[in-house]
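J.: input00.cif is the file, holding mmCIF, C-alpha atoms (C1' of nucleotides):
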data_upload
loop_
_atom_site.label_atom_id
_atom_site.label_comp_id
_atom_site.auth_asym_id
_atom_site.auth_seq_id
_atom_site.Cartn_x
_atom_site.Cartn_y
_atom_site.Cartn_z
CA MET A 296 -58.98 -79.51 75.79
CA ILE A 297 -55.22 -79.94 75.53
CA VAL A 298 -53.35 -80.71 78.71
CA SER A 299 -49.63 -80.79 79.33
CA ILE A 300 -48.55 -83.64 81.61
CA SER A 301 -44.95 -83.49 82.75
CA ASP A 302 -45.04 -86.54 85.06
CA ASP A 303 -44.90 -90.13 83.81
CA PHE A 304 -47.88 -90.90 81.58
CA ASP A 305 -47.93 -93.47 78.81
CA PRO A 306 -51.48 -94.53 77.88
CA ARG A 307 -50.17 -97.47 75.87
CA LYS A 308 -48.33 -98.90 78.85
CA ILE A 309 -51.30 -98.35 81.13
CA ALA A 310 -53.64 -99.99 78.63
CA GLU A 311 -51.40 -103.07 78.48
CA SER A 312 -50.70 -103.27 82.19
CA GLY A 313 -53.69 -105.46 83.01
CA GLN A 314 -55.31 -103.12 85.51
CA CYS A 315 -58.05 -101.84 83.18
CA PHE A 316 -60.12 -103.78 80.68
CA ARG A 317 -62.22 -101.16 78.91
CA TRP A 318 -59.53 -99.14 77.17
CA LYS A 319 -59.59 -99.39 73.40
CA LEU A 320 -57.13 -98.01 70.88
CA VAL A 321 -59.48 -96.45 68.33
CA GLU A 322 -56.95 -94.54 66.23
CA ASN A 323 -53.22 -94.14 66.28
CA ASN A 324 -52.47 -92.61 69.69
CA THR A 325 -56.15 -92.28 70.62
CA TRP A 326 -57.75 -94.36 73.34
CA ARG A 327 -61.41 -94.62 74.19
CA ILE A 328 -61.68 -95.20 77.90
CA ILE A 329 -64.81 -96.36 79.69
CA SER A 330 -64.90 -96.32 83.47
CA ALA A 331 -68.07 -96.93 85.48
CA ASP A 332 -70.67 -94.80 83.61
CA GLN A 333 -68.21 -92.43 81.94
CA CYS A 334 -66.36 -92.39 78.66
CA ILE A 335 -63.51 -90.23 77.43
CA TYR A 336 -61.17 -90.10 74.45
CA ILE A 337 -57.57 -89.16 75.01
CA THR A 338 -54.99 -88.60 72.32
CA SER A 339 -51.26 -88.41 72.76
CA LEU A 340 -50.12 -85.41 70.72
CA GLY A 341 -46.41 -86.00 71.20
CA GLY A 342 -44.16 -84.52 73.84
CA THR A 343 -46.07 -83.81 77.03
CA ASP A 344 -49.31 -82.76 75.33
CA TYR A 345 -52.52 -84.78 75.44
CA LEU A 346 -55.96 -84.07 74.08
CA PHE A 347 -58.76 -84.84 76.51
CA GLU A 348 -62.12 -84.75 74.76
CA CYS A 349 -64.07 -83.09 77.55
CA ASP A 350 -64.19 -79.72 79.26
CA GLU A 351 -61.86 -78.54 81.99
CA ASP A 352 -64.38 -79.00 84.79
CA THR A 353 -64.84 -82.65 83.89
CA ILE A 354 -61.11 -83.21 83.86
CA HIS A 355 -60.88 -81.83 87.38
CA SER A 356 -63.97 -83.51 88.78
CA LEU A 357 -63.44 -86.91 87.16
CA TRP A 358 -60.35 -87.75 85.17
CA GLU A 359 -57.63 -86.07 87.19
CA ASN A 360 -58.19 -88.54 90.00
CA TYR A 361 -58.89 -91.44 87.66
CA PHE A 362 -55.42 -91.06 86.16
CA ASP A 363 -53.97 -90.31 89.60
CA PHE A 364 -52.38 -87.11 88.32
CA PRO A 365 -51.89 -85.63 91.82
CA LEU A 366 -49.32 -88.32 92.59
CA ASN A 367 -45.77 -87.97 91.31
CA TYR A 368 -44.70 -91.27 89.76
CA ARG A 369 -41.30 -89.96 88.78
CA ALA A 370 -40.59 -89.51 92.49
CA ILE A 371 -41.77 -93.05 93.17
CA ARG A 372 -39.37 -94.37 90.55
CA ALA A 373 -36.57 -92.25 91.96
CA ARG A 374 -36.72 -94.23 95.21
CA VAL A 375 -35.27 -97.27 93.47
CA SER A 376 -31.49 -97.49 93.47
CA PRO A 377 -29.80 -99.09 90.45
CA GLU A 378 -27.01 -100.33 92.71
CA THR A 379 -29.12 -102.04 95.40
CA ASP A 380 -31.91 -103.33 93.13
CA SER A 381 -30.92 -103.42 89.48
CA PHE A 382 -33.91 -105.56 88.48
CA LEU A 383 -36.53 -103.20 89.85
CA TYR A 384 -34.59 -100.21 88.57
CA ASP A 385 -34.55 -101.67 85.06
CA ALA A 386 -38.26 -102.45 85.39
CA THR A 387 -39.13 -98.85 86.33
CA GLU A 388 -36.98 -97.47 83.51
CA HIS A 389 -38.43 -99.82 80.94
CA GLU A 390 -42.05 -99.43 82.07
CA LYS A 391 -41.91 -95.71 82.82
CA GLY A 392 -45.32 -94.23 82.09
CA ILE A 393 -47.36 -96.70 84.09
CA ARG A 394 -49.70 -95.18 86.64
CA ILE A 395 -52.16 -96.85 89.02
CA LEU A 396 -55.64 -95.77 87.98
CA GLN A 397 -58.26 -94.94 90.58
CA GLN A 398 -61.08 -97.13 89.36
CA ASP A 399 -64.50 -97.96 90.73
CA PRO A 400 -64.27 -100.62 93.48
CA TRP A 401 -67.40 -102.45 92.37
CA GLU A 402 -66.16 -102.61 88.78
CA MET A 403 -62.83 -103.94 90.05
CA LEU A 404 -64.53 -106.61 92.15
CA ILE A 405 -66.39 -108.06 89.20
CA SER A 406 -63.55 -107.53 86.73
CA PHE A 407 -61.02 -109.40 88.84
CA ILE A 408 -63.41 -112.20 89.70
CA ILE A 409 -63.78 -112.61 85.94
CA SER A 410 -60.01 -112.39 85.49
CA GLN A 411 -59.14 -115.56 87.37
CA ASN A 412 -57.51 -118.20 85.17
CA ARG A 413 -57.97 -116.14 82.01
CA ASN A 414 -55.96 -113.99 79.64
CA ILE A 415 -56.58 -110.30 79.06
CA PRO A 416 -58.48 -110.48 75.72
CA ALA A 417 -60.85 -113.04 77.21
CA ILE A 418 -61.43 -110.84 80.26
CA GLN A 419 -62.16 -107.83 78.07
CA HIS A 420 -64.62 -109.85 76.03
CA SER A 421 -66.55 -111.03 79.09
CA ILE A 422 -66.72 -107.58 80.65
CA GLU A 423 -67.95 -106.04 77.40
CA SER A 424 -70.61 -108.75 77.08
CA LEU A 425 -71.73 -108.15 80.63
CA ALA A 426 -71.96 -104.40 80.02
CA GLU A 427 -73.94 -104.92 76.81
CA MET A 428 -76.25 -107.34 78.58
CA CYS A 429 -77.24 -105.18 81.52
CA GLY A 430 -75.30 -101.92 81.56
CA GLU A 431 -76.90 -98.61 80.73
CA LEU A 432 -76.80 -97.53 77.10
CA LYS A 433 -75.18 -94.12 76.79
CA THR A 434 -73.78 -91.86 74.11
CA ASP A 435 -70.24 -90.56 74.27
CA VAL A 436 -68.88 -87.15 73.26
CA ARG A 437 -68.43 -88.33 69.67
CA GLY A 438 -72.01 -89.55 69.45
CA GLU A 439 -71.01 -93.21 69.69
CA PRO A 440 -72.95 -95.58 71.95
CA PHE A 441 -71.37 -97.26 74.95
CA TYR A 442 -72.58 -99.27 77.91
CA SER A 443 -71.87 -98.28 81.49
CA PHE A 444 -70.51 -100.89 83.86
CA PRO A 445 -73.59 -102.67 85.25
CA SER A 446 -74.88 -101.95 88.74
CA PRO A 447 -75.17 -104.66 91.41
CA GLU A 448 -78.94 -104.53 90.94
CA ALA A 449 -78.66 -105.18 87.22
CA ILE A 450 -76.24 -108.09 87.65
CA ALA A 451 -78.30 -109.62 90.45
CA LEU A 452 -81.24 -109.89 88.04
CA LEU A 453 -79.31 -111.98 85.52
CA SER A 454 -79.99 -115.70 85.24
CA GLU A 455 -77.35 -118.40 85.18
CA GLN A 456 -77.82 -118.70 81.43
CA GLU A 457 -77.41 -114.97 80.87
CA LEU A 458 -74.23 -114.83 82.94
CA LYS A 459 -72.83 -117.87 81.17
CA ALA A 460 -73.56 -116.21 77.84
CA CYS A 461 -70.90 -113.69 78.88
CA ARG A 462 -68.33 -116.53 78.77
CA VAL A 463 -67.56 -116.35 82.46
CA GLY A 464 -67.95 -120.09 82.92
CA TYR A 465 -67.92 -121.39 86.45
CA ARG A 466 -67.37 -117.86 87.76
CA TRP A 467 -71.05 -117.06 87.19
CA LYS A 468 -71.83 -118.06 90.76
CA TYR A 469 -69.15 -115.76 92.12
CA ILE A 470 -70.48 -112.84 90.09
CA GLN A 471 -74.01 -113.48 91.25
CA ALA A 472 -72.87 -113.78 94.86
CA ALA A 473 -70.88 -110.53 94.56
CA ALA A 474 -73.94 -108.71 93.29
CA HIS A 475 -76.00 -109.99 96.21
CA ALA A 476 -73.21 -109.09 98.64
CA ALA A 477 -73.13 -105.54 97.29
CA LEU A 478 -76.90 -105.25 97.62
CA HIS A 479 -76.79 -106.50 101.21
CA GLY A 480 -74.01 -104.15 102.25
CA ASP A 481 -71.30 -106.82 102.42
CA PHE A 482 -69.19 -105.01 99.85
CA CYS A 483 -68.82 -101.51 101.18
CA PRO A 484 -65.76 -99.59 99.91
CA ASP A 485 -66.17 -96.77 102.43
CA PHE A 486 -66.11 -99.29 105.26
CA PHE A 487 -63.01 -100.99 103.85
CA ARG A 488 -61.20 -97.66 103.80
CA SER A 489 -61.43 -97.52 107.59
CA LEU A 490 -59.76 -100.92 108.04
CA SER A 491 -56.15 -102.01 108.15
CA PRO A 492 -54.82 -103.72 105.00
CA GLU A 493 -54.86 -107.20 106.56
CA GLU A 494 -58.38 -106.64 107.89
CA THR A 495 -59.51 -105.48 104.45
CA ILE A 496 -58.12 -108.64 102.86
CA LYS A 497 -59.94 -110.67 105.47
CA GLN A 498 -63.24 -108.95 104.69
CA LEU A 499 -62.82 -109.15 100.92
CA THR A 500 -61.87 -112.82 100.91
CA LYS A 501 -65.11 -113.61 102.71
CA LEU A 502 -66.78 -112.97 99.36
CA TYR A 503 -67.44 -116.13 97.39
CA GLY A 504 -64.83 -116.54 94.66
CA VAL A 505 -62.49 -113.87 96.04
CA GLY A 506 -59.09 -115.08 97.19
CA ARG A 507 -56.08 -113.15 98.37
CA LYS A 508 -54.87 -112.28 94.89
CA VAL A 509 -58.18 -110.84 93.73
CA ALA A 510 -58.59 -109.03 97.06
CA CYS A 511 -55.22 -107.36 96.57
CA CYS A 512 -56.18 -106.30 93.04
CA ILE A 513 -59.38 -104.70 94.35
CA MET A 514 -57.37 -102.87 97.01
CA LEU A 515 -54.71 -101.68 94.57
CA PHE A 516 -56.87 -100.72 91.61
CA GLY A 517 -60.22 -99.99 93.30
CA LEU A 518 -59.36 -98.66 96.75
CA HIS A 519 -56.09 -97.05 95.65
CA GLN A 520 -54.14 -98.75 98.40
CA LEU A 521 -50.78 -98.47 96.69
CA ASP A 522 -49.03 -100.79 99.12
CA ALA A 523 -51.27 -103.74 98.21
CA PHE A 524 -49.17 -106.38 96.45
CA PRO A 525 -51.08 -108.91 94.33
CA ARG A 526 -49.14 -112.16 94.01
CA ASP A 527 -50.03 -114.07 90.87
CA VAL A 528 -47.98 -116.79 89.19
CA TRP A 529 -45.83 -114.19 87.41
CA VAL A 530 -45.01 -112.25 90.54
CA ASN A 531 -44.23 -115.51 92.31
CA ARG A 532 -41.78 -116.33 89.52
CA ILE A 533 -40.19 -112.91 89.90
CA LEU A 534 -39.85 -113.28 93.64
CA ALA A 535 -38.35 -116.75 93.28
CA ASN A 536 -35.96 -115.83 90.48
CA LYS A 537 -34.95 -112.27 91.32
CA TYR A 538 -35.33 -112.15 95.09
CA PRO A 539 -34.30 -115.60 96.34
CA ASP A 540 -33.36 -114.10 99.72
CA GLY A 541 -36.69 -112.35 100.17
CA TYR A 542 -38.35 -109.27 98.75
CA PRO A 543 -37.73 -106.01 100.68
CA TYR A 544 -41.32 -104.91 101.25
CA ASP A 545 -40.34 -102.50 104.01
CA ARG A 546 -37.94 -100.62 101.77
CA TYR A 547 -40.62 -100.00 99.16
CA SER A 548 -43.57 -99.25 101.42
CA PRO A 549 -46.00 -97.53 100.94
CA TYR A 550 -45.74 -98.12 97.18
CA ASN A 551 -45.24 -101.87 96.91
CA GLY A 552 -48.21 -102.18 94.58
CA VAL A 553 -46.81 -99.59 92.19
CA TYR A 554 -43.48 -101.39 91.97
CA GLN A 555 -45.34 -104.65 91.51
CA GLN A 556 -46.93 -103.18 88.37
CA TYR A 557 -43.54 -102.18 86.94
CA MET A 558 -42.09 -105.62 87.69
CA PHE A 559 -45.08 -107.47 86.31
CA ALA A 560 -45.11 -105.54 83.03
CA TYR A 561 -41.34 -105.71 82.63
CA TYR A 562 -41.04 -109.41 83.37
CA ARG A 563 -43.85 -110.28 81.00
CA HIS A 564 -42.33 -108.21 78.23
CA GLU A 565 -38.93 -109.77 78.85
CA ASN A 566 -40.27 -113.28 78.84
CA GLY A 567 -43.05 -112.94 76.31
CA LYS A 568 -46.69 -112.65 77.18
CA THR A 569 -47.42 -116.33 76.77
CA ALA A 570 -44.06 -117.90 77.46
CA PRO A 571 -43.59 -119.67 80.76
CA GLY A 572 -41.09 -118.31 83.22
CA ILE A 573 -37.42 -118.97 82.50
CA THR A 574 -37.10 -120.88 85.72
CA ASP A 575 -40.55 -121.90 86.74
CA VAL A 576 -41.36 -122.41 90.40
"C1'" DA B 191 -54.53 -125.71 111.83
"C1'" DG B 192 -52.76 -125.40 107.08
"C1'" DG B 193 -50.96 -127.59 102.82
"C1'" DC B 194 -52.13 -130.02 98.70
"C1'" DA B 195 -54.60 -132.27 94.82
"C1'" DG B 196 -58.25 -132.05 91.74
"C1'" DG B 197 -62.09 -129.73 89.65
"C1'" DC B 198 -64.19 -125.91 87.63
"C1'" DT B 199 -64.68 -123.27 82.28
"C1'" DT B 200 -63.63 -121.49 77.79
"C1'" DT B 201 -60.72 -119.27 74.61
"C1'" DT B 202 -56.51 -119.00 72.16
"C1'" DA B 203 -52.42 -120.66 69.99
"C1'" DT C 81 -53.15 -130.18 73.93
"C1'" DA C 82 -51.61 -126.63 77.05
"C1'" DA C 83 -51.84 -122.51 79.19
"C1'" DA C 84 -54.19 -118.47 80.78
"C1'" DA C 85 -52.99 -111.79 86.59
"C1'" DG C 86 -57.29 -118.45 90.58
"C1'" DC C 87 -60.37 -120.14 93.78
"C1'" DC C 88 -63.27 -123.79 95.96
"C1'" DT C 89 -63.96 -128.15 98.09
"C1'" DG C 90 -62.38 -132.15 100.17
"C1'" DC C 91 -58.73 -134.81 102.12
"C1'" DC C 92 -54.81 -135.45 105.00
#
For the file at hand, write its structure as structure tokens.
T.:
Amino acid sequence: MIVSISDDFDPRKIAESGQCFRWKLVENNTWRIISADQCIYITSLGGTDYLFECDEDTIHSLWENYFDFPLNYRAIRARVSPETDSFLYDATEHEKGIRILQQDPWEMLISFIISQNRNIPAIQHSIESLAEMCGELKTDVRGEPFYSFPSPEAIALLSEQELKACRVGYRWKYIQAAAHAALHGDFCPDFFRSLSPEETIKQLTKLYGVGRKVACCIMLFGLHQLDAFPRDVWVNRILANKYPDGYPYDRYSPYNGVYQQYMFAYYRHENGKTAPGITDV
DNA sequence: AGGCAGGCTTTTA
DNA sequence: TAAAAGCCTGCC
């Protein structure tokens, strides 16, 4: 069905923002999106109109929350003053259309363990291999096959060789440990939701192969904690170069993670996806 | 205790 | 050869 979306929504920017790894541009303006065990095609029709290839009930029960449509991102951008913070203002203007997806926490755990020390195409390749190896084979609305994101049970059954065949390298141990943790109740999203942010980071970083950065990504993209602020090398460069006197977290709470996404995308576009920072730290 | 160096792995340019 | 949305272990 065709939906009109008046708030910020730019699938291309979301697809390139590094928060999701199973979006694929299949035609001009059409993305095939796989999340957990679901698949949808969305097409930008121009203006505010988008084609969602599913029925209205499915949009409401599934995709409305996935795309975070209840939250007004224009209002979040409007909190940034061009006078007090010209860099962040420029970032929000330039990257308007980004939203923070509400993705499956388990899928985020594995995806961001895989992401460490790798570029986005390599991450996508590994995740797709993993899904093909032990995800569930399904058929989408167009009759095309796809694989669901694998369950903890399925991943726990994989051997070292099978995991390594997914090009995850030394991270295979972390993935295996994460699967066992999930099976033993040591990765419990509903429990994490009852904790404070610092306590959640503490719990997540107990998992083998999960540091503070990956923990923050799981919180931001999997638990929809929009104040979580992942600090990777790029964000550290931004903080050093643009906020030498300190970054005003308090001013931007409770949406620090959203602004981080704008800054990250903007800075990478400005400096080139593979170029080092102008002034490295 | 907390910071730092070195190792881990593979793909891409 | 270097760099890529890091983290672990061991050493100090």
J.: Enumerate as number ranges by chain the residues belonging to chain B that approach chain A to within 7 Å, with only C-alpha atoms (C1' of nucleotides) taken into account.
T.: B: 198-201
J.: Dump as a list of chain:residue names the residues of chain A that approach chain C to within 8 Å, counting only C-alpha atoms (C1' of nucleotides).
T.: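 Result, ordered by chain then number: A:Gly313, A:Ser410, A:Gln411, A:Asn412, A:Arg413, A:Asn414, A:Gly504, A:Val505, A:Gly506, A:Lys508, A:Asp527, A:Val528, A:Trp529, A:Thr569.
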J.: Restricted to C-alpha atoms, what would the selected residues look like written as a compact mmCIF listing (two decimals), in the frame of the given file?
T.:
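Result file result.txt:
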# COMPACT_ATOMS: atom_id res chain seq x y z
CA GLY A 313 -53.69 -105.46 83.01
CA SER A 410 -60.01 -112.39 85.49
CA GLN A 411 -59.14 -115.56 87.37
CA ASN A 412 -57.51 -118.20 85.17
CA ARG A 413 -57.97 -116.14 82.01
CA ASN A 414 -55.96 -113.99 79.64
CA GLY A 504 -64.83 -116.54 94.66
CA VAL A 505 -62.49 -113.87 96.04
CA GLY A 506 -59.09 -115.08 97.19
CA LYS A 508 -54.87 -112.28 94.89
CA ASP A 527 -50.03 -114.07 90.87
CA VAL A 528 -47.98 -116.79 89.19
CA TRP A 529 -45.83 -114.19 87.41
CA THR A 569 -47.42 -116.33 76.77
J.: What is the CA of Ile415 in chain A-CA of Tyr561 in chain A distance in Å, reported with one decimal?
T.: 16.3 Å
J.: Rounded to one decimal, what separation in Å do you get between CA of Ser421 in chain A and CA of Leu320 in chain A?
T.: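 Spanning CA of Ser421 in chain A to CA of Leu320 in chain A is a straight-line distance of 18.0 Å.
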J.: To one decimal place, how far is CA of Ala523 in chain A from CA of Asp481 in chain A in Å?
T.: 20.7 Å
J.: What's the 6 Å shell around Arg327 in chain A, counting only C-alpha atoms (C1' of nucleotides), without same-chain residues fewer than 4 positions away, as a PyMOL selection string?
T.: chain A and resi 318-319+335-336
J.: Running the PyMOL selection byres ((chain A and resi 553) around 8) on this model by hand, what would come out? Give it as a ChimeraX atom specification.
T.: /A:394-395,521-522,550-552,554-557
J.: Kindly export the residues of the current selection with C-alpha atoms, as a tab-separated table (two decimals), in the coordinates of the input.
T.:
chain	number	residue	atom	x	y	z
A	394	ARG	CA	-49.70	-95.18	86.64
A	395	ILE	CA	-52.16	-96.85	89.02
A	521	LEU	CA	-50.78	-98.47	96.69
A	522	ASP	CA	-49.03	-100.79	99.12
A	550	TYR	CA	-45.74	-98.12	97.18
A	551	ASN	CA	-45.24	-101.87	96.91
A	552	GLY	CA	-48.21	-102.18	94.58
A	554	TYR	CA	-43.48	-101.39	91.97
A	555	GLN	CA	-45.34	-104.65	91.51
A	556	GLN	CA	-46.93	-103.18	88.37
A	557	TYR	CA	-43.54	-102.18	86.94
J.: Can you tell me, as a list in words, what residues are no more than 12 Å from Pro377 in chain A when counting all atoms listed in the file, ignoring any on the same chain fewer than 6 positions away?
T.: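 Those residues are Leu383, Tyr384, Asp385, Ala386, Thr387 and Glu388 of chain A.
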J.: Return as a count of residues only the set of residues that the PyMOL selection byres ((chain A and resi 397) around 10) yields on the displayed structure.
T.: 19
J.: Between A:Glu402, A:Glu390, A:Glu423, A:Asp352, which residue has the minimum interatomic distance to Tyr562 in chain A, considering only C-alpha atoms?
T.: A:Glu390
J.: Could you give me the axis-aligned bounding box of chain B, with 6 Å of padding per side, as centre plus edge lengths in Å to one decimal, as lines of an AutoDock Vina configuration file?
T.:
center_x = -57.8
center_y = -125.6
center_z = 90.9
size_x = 25.7
size_y = 25.3
size_z = 53.8
